[in-house]
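**Student:** The structure follows.
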Amino acid sequence: MATYPLPKFHFQVEWGGVRIGFTEVTGLDIQAEVIEYREGSSPEYHKIKMPGMQKYSNITLKRGTIQGDTDFYRWINMTNMTVAERRDIVISLLNETHTPVMTWKAKNSFPVKVQASDLKSDGNEVAIETLELAHEGLNLVV
């Protein structure tokens, strides 16, 4: 049986047991910062490099605008410096039988940006809204 890479168009996003349909998910990356160090008595004339703290990009979710659905706006309006409703976000890449084959979990996510669609009088596209989330860690849960 041949092994093929997974297509990226079949995925689901859920939080709090609720699945929400999105057209695009970006920002599923982890970076390790580099620490450079050189001891004063080192015979080498260069610094050594060590892995430092990890940092995570914000996750951006895009979906079609749905009449009467203002959940994202309510969520960001409840978020301020003292109170932020945080949610664990689960993003799953699905196979042809709709079974998750790769799952990412972003913990303690909260909204940092909600953007309405651009409006064009001569356009012929669906109105897309964007939700950008900050989080405290991204884990691949297989």
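We name chains A, B, ... following the order of the structure tokens; residues begin at 1 in each chain, and ligands are numbered from 1 as shown.
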Which residues of range 51-131 of chain A sit at most 8 Å from range 17-30 of chain A, using only C-alpha atoms? Give each one's shortest atom pair and distance in Å (one decimal place), in chain and ascending residue order, as a Markdown table.

**Tutor:**
| residue | atom | partner | partner_atom | distance |
| --- | --- | --- | --- | --- |
| A:Gln54 | CA | A:Ile30 | CA | 6.7 |
| A:Lys55 | CA | A:Ile30 | CA | 6.0 |
| A:Tyr56 | CA | A:Ile30 | CA | 5.0 |
| A:Ser57 | CA | A:Gly27 | CA | 5.5 |
| A:Asn58 | CA | A:Gly27 | CA | 5.7 |
| A:Ile59 | CA | A:Gly27 | CA | 4.4 |
| A:Thr60 | CA | A:Thr26 | CA | 5.2 |
| A:Leu61 | CA | A:Val25 | CA | 4.7 |
| A:Lys62 | CA | A:Glu24 | CA | 5.1 |
| A:Arg63 | CA | A:Phe22 | CA | 4.4 |
| A:Gly64 | CA | A:Phe22 | CA | 7.4 |
| A:Trp104 | CA | A:Leu28 | CA | 7.9 |

**Student:** Please, which residues of range 2-91 of chain A, numbered as in this document, come out strand (DSSP E) from DSSP, as an MDAnalysis selection string?

**Tutor:** chainID A and resid 11:15 18:20 24:26 30:37 48:56 59:64 87:91

**Student:** Could the residues in this selection be written to a file with C-alpha atoms, as an mmCIF file, in the first residue's frame?

**Tutor:**
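The result, stored in selection-v1.cif:
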data_model
loop_
_atom_site.group_PDB
_atom_site.id
_atom_site.type_symbol
_atom_site.label_atom_id
_atom_site.label_comp_id
_atom_site.auth_asym_id
_atom_site.auth_seq_id
_atom_site.Cartn_x
_atom_site.Cartn_y
_atom_site.Cartn_z
ATOM 1 C CA PHE A 11 -9.903 19.736 9.172
ATOM 2 C CA GLN A 12 -12.016 20.734 12.143
ATOM 3 C CA VAL A 13 -11.692 23.268 14.960
ATOM 4 C CA GLU A 14 -13.384 22.907 18.321
ATOM 5 C CA TRP A 15 -13.422 24.438 21.762
ATOM 6 C CA VAL A 18 -18.349 22.824 20.079
ATOM 7 C CA ARG A 19 -17.132 22.357 16.504
ATOM 8 C CA ILE A 20 -16.915 25.475 14.377
ATOM 9 C CA GLU A 24 -8.464 28.571 6.927
ATOM 10 C CA VAL A 25 -6.236 28.032 9.964
ATOM 11 C CA THR A 26 -2.704 29.473 10.137
ATOM 12 C CA ILE A 30 6.635 26.592 17.436
ATOM 13 C CA GLN A 31 10.033 28.279 17.500
ATOM 14 C CA ALA A 32 12.907 27.850 19.914
ATOM 15 C CA GLU A 33 14.822 31.026 20.666
ATOM 16 C CA VAL A 34 18.590 30.720 20.461
ATOM 17 C CA ILE A 35 20.814 31.672 23.388
ATOM 18 C CA GLU A 36 24.350 32.668 22.428
ATOM 19 C CA TYR A 37 27.033 32.480 25.093
ATOM 20 C CA ILE A 48 28.207 28.601 21.534
ATOM 21 C CA LYS A 49 24.507 28.298 20.823
ATOM 22 C CA MET A 50 21.944 26.708 23.106
ATOM 23 C CA PRO A 51 18.182 26.227 22.790
ATOM 24 C CA GLY A 52 16.245 28.793 24.781
ATOM 25 C CA MET A 53 12.595 29.441 25.495
ATOM 26 C CA GLN A 54 9.929 28.445 23.023
ATOM 27 C CA LYS A 55 7.649 30.990 21.418
ATOM 28 C CA TYR A 56 4.423 30.541 19.552
ATOM 29 C CA ILE A 59 -3.309 31.354 15.490
ATOM 30 C CA THR A 60 -5.479 32.933 12.807
ATOM 31 C CA LEU A 61 -8.871 31.418 11.994
ATOM 32 C CA LYS A 62 -10.993 32.512 9.020
ATOM 33 C CA ARG A 63 -14.617 31.674 8.292
ATOM 34 C CA GLY A 64 -17.610 32.926 6.371
ATOM 35 C CA ARG A 87 -10.311 28.534 25.950
ATOM 36 C CA ASP A 88 -8.374 25.474 24.869
ATOM 37 C CA ILE A 89 -8.593 25.203 21.079
ATOM 38 C CA VAL A 90 -8.312 21.805 19.380
ATOM 39 C CA ILE A 91 -7.465 21.708 15.666
#

**Student:** Just want the 10 Å neighbourhood of Leu6 in chain A, counted on only C-alpha atoms, with same-chain residues fewer than 4 positions away dropped. Output as a list in words.

**Tutor:**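 Skipping anything fewer than 4 positions along the chain leaves His10, Leu93, Leu94, Asn95, Glu96, Val101 and Met102 of chain A.
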
**Student:** Take the residues that were just selected and, keeping C-alpha atoms, output them as a PDB file, in the first residue's frame.

**Tutor:**
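Output file result-v4.pdb follows:
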ATOM      1  CA  HIS A  10     -10.117  18.454   5.588  1.00  0.00           C
ATOM      2  CA  LEU A  93      -6.458  17.277  10.466  1.00  0.00           C
ATOM      3  CA  LEU A  94      -8.875  14.577   9.278  1.00  0.00           C
ATOM      4  CA  ASN A  95      -8.537  11.611   6.943  1.00  0.00           C
ATOM      5  CA  GLU A  96     -11.099  10.430   4.384  1.00  0.00           C
ATOM      6  CA  VAL A 101      -4.889  11.839  12.224  1.00  0.00           C
ATOM      7  CA  MET A 102      -3.040  14.867  13.623  1.00  0.00           C
TER       8      MET A 102
END

**Student:** Enter the distance from CA of Ile128 in chain A to CA of Thr65 in chain A, in Å, rounded to one decimal.

**Tutor:**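 Interatomic distance, CA of Ile128 in chain A to CA of Thr65 in chain A: 5.4 Å.
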
**Student:** Could you tell me which of A:Pro111, A:Gly16, A:Pro100, A:Pro5 comes closest to Arg74 in chain A if we count only C-alpha atoms?

**Tutor:** A:Pro111

**Student:** Using only C-alpha atoms, which residue out of A:Val141, A:Ala2, A:Val83, A:Ala127 lies closest to Gln67 in chain A?

**Tutor:**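 For Gln67 in chain A, the nearest of the given residues is A:Ala127.
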
**Student:** Looking at A:Phe72, A:Phe9, A:Tyr45, A:Phe110, which one is nearest to Ser92 in chain A, with distances taken over only C-alpha atoms?

**Tutor:**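 Ranking A:Phe72, A:Phe9, A:Tyr45, A:Phe110 by distance to Ser92 in chain A, first place goes to A:Phe9.
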
**Student:** Can you list, as a VMD selection string, every residue of range 13-119 of chain A that DSSP puts in helix (DSSP H, G or I)?

**Tutor:** chain A and resid 71 to 78

**Student:** Atoms to include: N, CA and C atoms. Write the selected residues as a short mmCIF file (atom, residue, chain, number, x, y, z; two decimals), in the first residue's frame.

**Tutor:**
data_model
loop_
_atom_site.label_atom_id
_atom_site.label_comp_id
_atom_site.auth_asym_id
_atom_site.auth_seq_id
_atom_site.Cartn_x
_atom_site.Cartn_y
_atom_site.Cartn_z
N ASP A 71 -20.46 35.81 18.20
CA ASP A 71 -19.70 35.20 19.30
C ASP A 71 -18.28 35.75 19.40
N PHE A 72 -17.60 35.92 18.27
CA PHE A 72 -16.22 36.40 18.31
C PHE A 72 -16.15 37.81 18.87
N TYR A 73 -17.10 38.66 18.51
CA TYR A 73 -17.12 40.04 19.01
C TYR A 73 -17.43 40.06 20.50
N ARG A 74 -18.36 39.21 20.94
CA ARG A 74 -18.65 39.13 22.38
C ARG A 74 -17.42 38.66 23.16
N TRP A 75 -16.71 37.67 22.59
CA TRP A 75 -15.54 37.12 23.28
C TRP A 75 -14.45 38.17 23.41
N ILE A 76 -14.14 38.90 22.35
CA ILE A 76 -13.08 39.91 22.43
C ILE A 76 -13.50 41.09 23.30
N ASN A 77 -14.79 41.42 23.33
CA ASN A 77 -15.26 42.52 24.18
C ASN A 77 -15.22 42.17 25.66
N MET A 78 -15.25 40.88 25.99
CA MET A 78 -15.12 40.44 27.38
C MET A 78 -13.66 40.39 27.82
#
